Each structure stands twice: as C-alpha cells, then as structure tokens.
Amino acid sequence: MLVTSPQPKATELSKYYESDEYISHTDKKDGVMAFLYQSVKNYSLRKKISFINSKQKTKGSLLDVGAGTGDFLNKAKNNGWSVDGVEVNAAARELASQKGLKLFDTLHSLPKKTYQVITLWHVLEHIPNLEETVTILDSLLAPDGILIIAVPNYKSYDANYYKEFWAAYDVPRHLWHFSRKSLPKILQPFFKLESTRPMLFDSFYVSLLSERYKTENNFSMKAFRIGLQSNIRAWRSKEYSSVVYCFKKA
C-alpha cells in the first residue's frame with residue numbers, strides 16, 4: 001500500500017474536487033474524455049447491477065457510498081433495490097436530486113438501518129479517516145450482506161508503464177493506493193474477501209488520461225495499446241488496472 005504524503009487537511013479536501021474536469025461529479029459530455037467516460041458508463045452500470053444480482057439473490061436495501069450524481073443508484077432502484085446514497089459534494093448531490101434521489105452528505109447522517117449491499121465504486125481511496133470508515137461500514141452491513149469495493153491497483157502494468165504520470169494516482173484526491181494484498185488486510189478483522197473481478201475498461205480510460213498528462217495529447221492510439229497490454233498481462237498476473245473486491249462479514 002502507498003500513502004499520499006503530505007495529505008491535505010480534511011477541511012481543504014473539497015477544493016480539489018471543484019473542477020469541471022472531475023467528471024464523476026458532473027454529467028458533462030463535452031470533450032473527448034468526458035464523452036468516452038459517459039459512453040462507457042451506461043455499459044458499466046449494467047455490469048455492476050448484474051454483478052450485485054449474482055451475489056445477492058434477494059433484493060433488499062442497497063447503500064452506495066460516494067454516489068456522485070446518482071446514476072448507479074437510479075439503475076439499482078429501477079432494478080428493484082431499495083436505495084440510499086452518500087455523497088459529500090454538494091454540486092453532485094444537487095444533480096442527483098434532479099433525478100429524484102435525496103443523497104446524504106455523510107455516513108453519520110444515514111438512517112438507523114442495515115443494508116444487504118454496500119458499494120464503494122472508486123471511493124475508498126478518497127476517504128481520509130480510513131479506519132473509522134471501515135468500522136462504520138461494518139455496523140451498516142447486514143449479517144448476510146456483501147461489501148463491494150472497487151479501487152485502482154498500483155501494481156498494474158499501466159501504472160508501472162506511466163509511473164508518476166499514471167492518472168489513477170490522482171494526488172492529492174487519492175489518499176491511499178491499494179494493492180490486491182493490502183486491501184483485504186486493511187479490512188480485517190471485520191470483513192473477509194469472497195471474490196475479485198477486473199474492471200477492464202479502466203485500463204483504457206486511465207491510460208488515455210495518463211498519456212495526456214505525459215504528452216499533452218488529448219487522444220492517443222498508443223494509450224489504447226497500453227490499456228490492452230495491461231489487460232492481457234493481467235490475465236495471468238491478475239494485476240488489473242482496477243479491481244472489484246467482494247467482501248462478506250468475517
């Protein structure tokens with residue numbers, strides 16, 4: 001595990017998200033990267049719901065932490081789940097409210113209940129109070145529930161290729177940088193790892209961003225080659241650019 005150092009003070013973190021370039025807090029489609037992100041998002045949402053349904057046969061309550069503008073929650077709601085969401089960014093919460101979702105601003109403001117499914121899609125790496133958050137997630141997860149966490153993997157081929165230009169380091173917004181070994185250890189003794197799966201599109205998107213940071217080219221076919229190579233190499237090593245972890249109560 002790698003740690004961003006120095007880390008911004010908790011009171012200063014929000015300013016690093018106040019940008020139209022931070023796509024997950026907007027619904028913008030202008031520009032190459034935003035268009036690609038939004039185009040792939042619909043496919044990814046379907047895959048996420050399918051994955052959850054394969055793990056939990058009975059649809060009950062679902063909590064999404066770091067819900068952004070609420071698209072995943074709406075997809076889950078339309079699929080029969082009873083949903084709640086947490087999003088600290090006020091602008092993203094406002095966009096979600098326009099879609100009929102009322103998001104909570106912190107984990108502490110959630111109703112007193114437990115959830116069959118808790119998801120954190122590329123969120124855990126942003127959270128400053130890591131140990132406290134793991135404890136809260138344990139209290140929120142039902143005894144037979146599942147915790148799904150997706151995070152970048154700094155041991156991937158694309159991370160090694162782009163080094164300091166690797167977009168998924170995303171400092172200072174990303175405070176923690178996990179490996180496949182470190183994340184299960186961090187969640188002990190509350191959770192045990194049940195399974196993992198790759199997020200195959202991430203290697204291409206991250207490589208495109210990384211290539212832009214490195215060469216200032218907005219679009220590069222070389223980035224697609226690196227993204228493909230990363231996935232091919234990970235077929236044996238399992239070191240994909242991003243990994244989805246499914247945990248159960250220990």
# chains A, B, ... in the order shown; residues from 1 in each chain; ligands from 1
$ residues_around --residues "Ile127 (chain A)" --least-positions-apart "2" --cutoff "10 Å" --atoms "only C-alpha atoms" --output "PDB file with N, CA and C atoms, in the first residue's frame"
ATOM      1  N   ALA A  10      -8.381  17.815   6.137  1.00  0.00           N
ATOM      2  CA  ALA A  10      -9.752  17.416   5.810  1.00  0.00           C
ATOM      3  C   ALA A  10     -10.594  18.613   5.373  1.00  0.00           C
ATOM      4  N   LEU A  13      -9.879  19.430   1.559  1.00  0.00           N
ATOM      5  CA  LEU A  13     -10.050  18.421   0.512  1.00  0.00           C
ATOM      6  C   LEU A  13     -11.045  18.843  -0.560  1.00  0.00           C
ATOM      7  N   GLY A  66     -20.316   7.497  -1.848  1.00  0.00           N
ATOM      8  CA  GLY A  66     -19.664   8.212  -2.940  1.00  0.00           C
ATOM      9  C   GLY A  66     -20.511   8.102  -4.189  1.00  0.00           C
ATOM     10  N   VAL A 123     -14.050   4.923  -4.408  1.00  0.00           N
ATOM     11  CA  VAL A 123     -14.326   5.902  -3.350  1.00  0.00           C
ATOM     12  C   VAL A 123     -13.382   5.748  -2.163  1.00  0.00           C
ATOM     13  N   LEU A 124     -13.058   4.504  -1.801  1.00  0.00           N
ATOM     14  CA  LEU A 124     -12.280   4.278  -0.582  1.00  0.00           C
ATOM     15  C   LEU A 124     -10.937   5.002  -0.618  1.00  0.00           C
ATOM     16  N   GLU A 125     -10.351   5.147  -1.793  1.00  0.00           N
ATOM     17  CA  GLU A 125      -9.056   5.812  -1.918  1.00  0.00           C
ATOM     18  C   GLU A 125      -9.136   7.308  -1.620  1.00  0.00           C
ATOM     19  N   ASN A 129     -10.419   9.323   6.768  1.00  0.00           N
ATOM     20  CA  ASN A 129     -10.494   8.574   8.032  1.00  0.00           C
ATOM     21  C   ASN A 129     -10.776   7.098   7.733  1.00  0.00           C
ATOM     22  N   LEU A 130      -9.781   6.397   7.265  1.00  0.00           N
ATOM     23  CA  LEU A 130      -9.943   5.049   6.731  1.00  0.00           C
ATOM     24  C   LEU A 130     -10.420   4.055   7.788  1.00  0.00           C
ATOM     25  N   GLU A 131      -9.768   4.019   8.938  1.00  0.00           N
ATOM     26  CA  GLU A 131     -10.117   3.042   9.978  1.00  0.00           C
ATOM     27  C   GLU A 131     -11.531   3.277  10.512  1.00  0.00           C
ATOM     28  N   GLU A 132     -11.879   4.531  10.743  1.00  0.00           N
ATOM     29  CA  GLU A 132     -13.224   4.852  11.229  1.00  0.00           C
ATOM     30  C   GLU A 132     -14.276   4.435  10.209  1.00  0.00           C
ATOM     31  N   THR A 133     -13.988   4.660   8.934  1.00  0.00           N
ATOM     32  CA  THR A 133     -14.931   4.314   7.879  1.00  0.00           C
ATOM     33  C   THR A 133     -15.179   2.813   7.818  1.00  0.00           C
ATOM     34  N   ARG A 173      -6.214  13.993  -4.462  1.00  0.00           N
ATOM     35  CA  ARG A 173      -7.564  13.472  -4.193  1.00  0.00           C
ATOM     36  C   ARG A 173      -7.514  12.024  -3.711  1.00  0.00           C
ATOM     37  N   HIS A 174      -6.612  11.228  -4.287  1.00  0.00           N
ATOM     38  CA  HIS A 174      -6.438   9.852  -3.817  1.00  0.00           C
ATOM     39  C   HIS A 174      -5.412   9.849  -2.683  1.00  0.00           C
ATOM     40  N   LEU A 175      -5.867   9.476  -1.520  1.00  0.00           N
ATOM     41  CA  LEU A 175      -5.020   9.496  -0.325  1.00  0.00           C
ATOM     42  C   LEU A 175      -4.309   8.169  -0.104  1.00  0.00           C
ATOM     43  N   TRP A 176      -4.930   7.073  -0.585  1.00  0.00           N
ATOM     44  CA  TRP A 176      -4.409   5.726  -0.392  1.00  0.00           C
ATOM     45  C   TRP A 176      -4.332   5.030  -1.748  1.00  0.00           C
TER      46      TRP A 176
END
$ residues_around --residues "Gln56 (chain A)" --least-positions-apart "3" --cutoff "10 Å" --atoms "only C-alpha atoms" --output "list in words"
Phe51, Ile52, Asn53, Lys59, Gly60, Gln116, Val117, Asp144, Gly145 and Ile146 of chain A
$ closest_residue --among "A:Asp158, A:Asp64, A:Glu216, A:Asp202" --to "Lys41 (chain A)" --atoms "only C-alpha atoms"
A:Asp202
$ select_by_dssp --residues "region 199-243 of chain A" --states "helix (DSSP H, G or I)" --output "ChimeraX atom specification"
/A:200-215,221-237
$ residues_around --residues "region 97-106 of chain A" --least-positions-apart "4" --cutoff "9 Å" --atoms "only C-alpha atoms" --output "PyMOL selection string"
chain A and resi 65+67+69-71+73-74+84-90+92-93+110
$ write_last_selection --atoms "N, CA and C atoms" --output "PDB file, in the first residue's frame"
ATOM      1  N   VAL A  65     -21.869   4.458  -1.336  1.00  0.00           N
ATOM      2  CA  VAL A  65     -21.055   5.488  -0.701  1.00  0.00           C
ATOM      3  C   VAL A  65     -20.213   6.164  -1.781  1.00  0.00           C
ATOM      4  N   ALA A  67     -21.782   8.445  -4.062  1.00  0.00           N
ATOM      5  CA  ALA A  67     -22.767   8.163  -5.109  1.00  0.00           C
ATOM      6  C   ALA A  67     -22.682   9.091  -6.307  1.00  0.00           C
ATOM      7  N   THR A  69     -23.414  11.648  -9.004  1.00  0.00           N
ATOM      8  CA  THR A  69     -24.655  12.265  -9.456  1.00  0.00           C
ATOM      9  C   THR A  69     -25.828  11.286  -9.463  1.00  0.00           C
ATOM     10  N   GLY A  70     -25.620  10.077  -8.935  1.00  0.00           N
ATOM     11  CA  GLY A  70     -26.723   9.166  -8.653  1.00  0.00           C
ATOM     12  C   GLY A  70     -27.118   8.187  -9.738  1.00  0.00           C
ATOM     13  N   ASP A  71     -26.355   8.094 -10.814  1.00  0.00           N
ATOM     14  CA  ASP A  71     -26.749   7.211 -11.913  1.00  0.00           C
ATOM     15  C   ASP A  71     -26.765   5.735 -11.508  1.00  0.00           C
ATOM     16  N   LEU A  73     -27.255   4.516  -8.476  1.00  0.00           N
ATOM     17  CA  LEU A  73     -28.380   4.301  -7.576  1.00  0.00           C
ATOM     18  C   LEU A  73     -29.710   4.238  -8.333  1.00  0.00           C
ATOM     19  N   ASN A  74     -29.872   5.087  -9.336  1.00  0.00           N
ATOM     20  CA  ASN A  74     -31.097   5.036 -10.132  1.00  0.00           C
ATOM     21  C   ASN A  74     -31.214   3.714 -10.877  1.00  0.00           C
ATOM     22  N   ASP A  84     -30.210   3.905  -0.779  1.00  0.00           N
ATOM     23  CA  ASP A  84     -29.746   5.120  -0.122  1.00  0.00           C
ATOM     24  C   ASP A  84     -28.364   5.435  -0.680  1.00  0.00           C
ATOM     25  N   GLY A  85     -27.969   6.697  -0.577  1.00  0.00           N
ATOM     26  CA  GLY A  85     -26.651   7.080  -1.067  1.00  0.00           C
ATOM     27  C   GLY A  85     -26.032   8.169  -0.227  1.00  0.00           C
ATOM     28  N   VAL A  86     -24.705   8.178  -0.210  1.00  0.00           N
ATOM     29  CA  VAL A  86     -23.936   9.213   0.482  1.00  0.00           C
ATOM     30  C   VAL A  86     -23.035   9.900  -0.536  1.00  0.00           C
ATOM     31  N   GLU A  87     -23.048  11.225  -0.546  1.00  0.00           N
ATOM     32  CA  GLU A  87     -22.172  11.995  -1.427  1.00  0.00           C
ATOM     33  C   GLU A  87     -21.819  13.304  -0.730  1.00  0.00           C
ATOM     34  N   VAL A  88     -20.523  13.543  -0.525  1.00  0.00           N
ATOM     35  CA  VAL A  88     -20.097  14.730   0.213  1.00  0.00           C
ATOM     36  C   VAL A  88     -20.131  15.995  -0.644  1.00  0.00           C
ATOM     37  N   ASN A  89     -20.084  15.839  -1.972  1.00  0.00           N
ATOM     38  CA  ASN A  89     -20.026  17.007  -2.848  1.00  0.00           C
ATOM     39  C   ASN A  89     -21.429  17.563  -3.089  1.00  0.00           C
ATOM     40  N   ALA A  90     -21.621  18.825  -2.724  1.00  0.00           N
ATOM     41  CA  ALA A  90     -22.953  19.440  -2.799  1.00  0.00           C
ATOM     42  C   ALA A  90     -23.453  19.558  -4.235  1.00  0.00           C
ATOM     43  N   ALA A  92     -22.756  17.612  -6.791  1.00  0.00           N
ATOM     44  CA  ALA A  92     -23.163  16.283  -7.248  1.00  0.00           C
ATOM     45  C   ALA A  92     -24.493  15.884  -6.621  1.00  0.00           C
ATOM     46  N   ARG A  93     -24.695  16.213  -5.339  1.00  0.00           N
ATOM     47  CA  ARG A  93     -25.965  15.911  -4.673  1.00  0.00           C
ATOM     48  C   ARG A  93     -27.122  16.641  -5.345  1.00  0.00           C
ATOM     49  N   LEU A 110     -26.935   8.896   7.911  1.00  0.00           N
ATOM     50  CA  LEU A 110     -27.788   7.834   7.388  1.00  0.00           C
ATOM     51  C   LEU A 110     -28.838   7.400   8.418  1.00  0.00           C
TER      52      LEU A 110
END
$ atom_distance --atom1 "CA of Asp138 (chain A)" --atom2 "CA of Pro184 (chain A)"
13.9 Å
$ closest_residue --among "A:Met1, A:Leu120, A:Leu95, A:Val134" --to "Gln188 (chain A)" --atoms "only C-alpha atoms"
A:Val134
$ closest_atom_pairs --of "region 141-196 of chain A" --to "region 233-236 of chain A" --cutoff "12 Å" --atoms "only C-alpha atoms" --output "JSON lines"
{"residue": "A:Asn153", "atom": "CA", "partner": "A:Ala234", "partner_atom": "CA", "distance": 11.1}
{"residue": "A:Lys155", "atom": "CA", "partner": "A:Ala234", "partner_atom": "CA", "distance": 10.0}
{"residue": "A:Ser156", "atom": "CA", "partner": "A:Ala234", "partner_atom": "CA", "distance": 7.4}
{"residue": "A:Tyr157", "atom": "CA", "partner": "A:Arg233", "partner_atom": "CA", "distance": 7.3}
{"residue": "A:Asp158", "atom": "CA", "partner": "A:Arg233", "partner_atom": "CA", "distance": 10.1}
$ select_by_dssp --residues "region 63-175 of chain A" --states "strand (DSSP E or B)" --output "number ranges by chain"
A: 63-65, 82-86, 104, 115-121, 141-152
$ write_last_selection --atoms "C-alpha atoms" --output "tab-separated table (two decimals), in the first residue's frame"
chain	number	residue	atom	x	y	z
A	63	LEU	CA	-26.20	1.78	0.07
A	64	ASP	CA	-23.84	3.49	-2.37
A	65	VAL	CA	-21.05	5.49	-0.70
A	82	SER	CA	-34.33	-0.02	-2.08
A	83	VAL	CA	-31.54	2.55	-2.24
A	84	ASP	CA	-29.75	5.12	-0.12
A	85	GLY	CA	-26.65	7.08	-1.07
A	86	VAL	CA	-23.94	9.21	0.48
A	104	PHE	CA	-26.99	12.07	2.49
A	115	TYR	CA	-28.02	-2.91	4.22
A	116	GLN	CA	-27.84	-6.12	2.20
A	117	VAL	CA	-25.37	-4.46	-0.18
A	118	ILE	CA	-22.90	-1.60	0.37
A	119	THR	CA	-20.91	-0.34	-2.61
A	120	LEU	CA	-17.92	1.98	-2.93
A	121	TRP	CA	-17.05	2.44	-6.60
A	141	LEU	CA	-23.76	-4.10	6.72
A	142	ALA	CA	-26.37	-6.77	7.47
A	143	PRO	CA	-25.02	-10.13	8.76
A	144	ASP	CA	-25.68	-11.76	5.39
A	145	GLY	CA	-24.73	-8.68	3.39
A	146	ILE	CA	-21.93	-8.02	0.91
A	147	LEU	CA	-19.50	-5.12	0.71
A	148	ILE	CA	-18.28	-4.27	-2.79
A	149	ILE	CA	-15.23	-2.04	-3.18
A	150	ALA	CA	-13.60	-1.00	-6.46
A	151	VAL	CA	-10.19	0.68	-6.33
A	152	PRO	CA	-7.24	1.28	-8.69
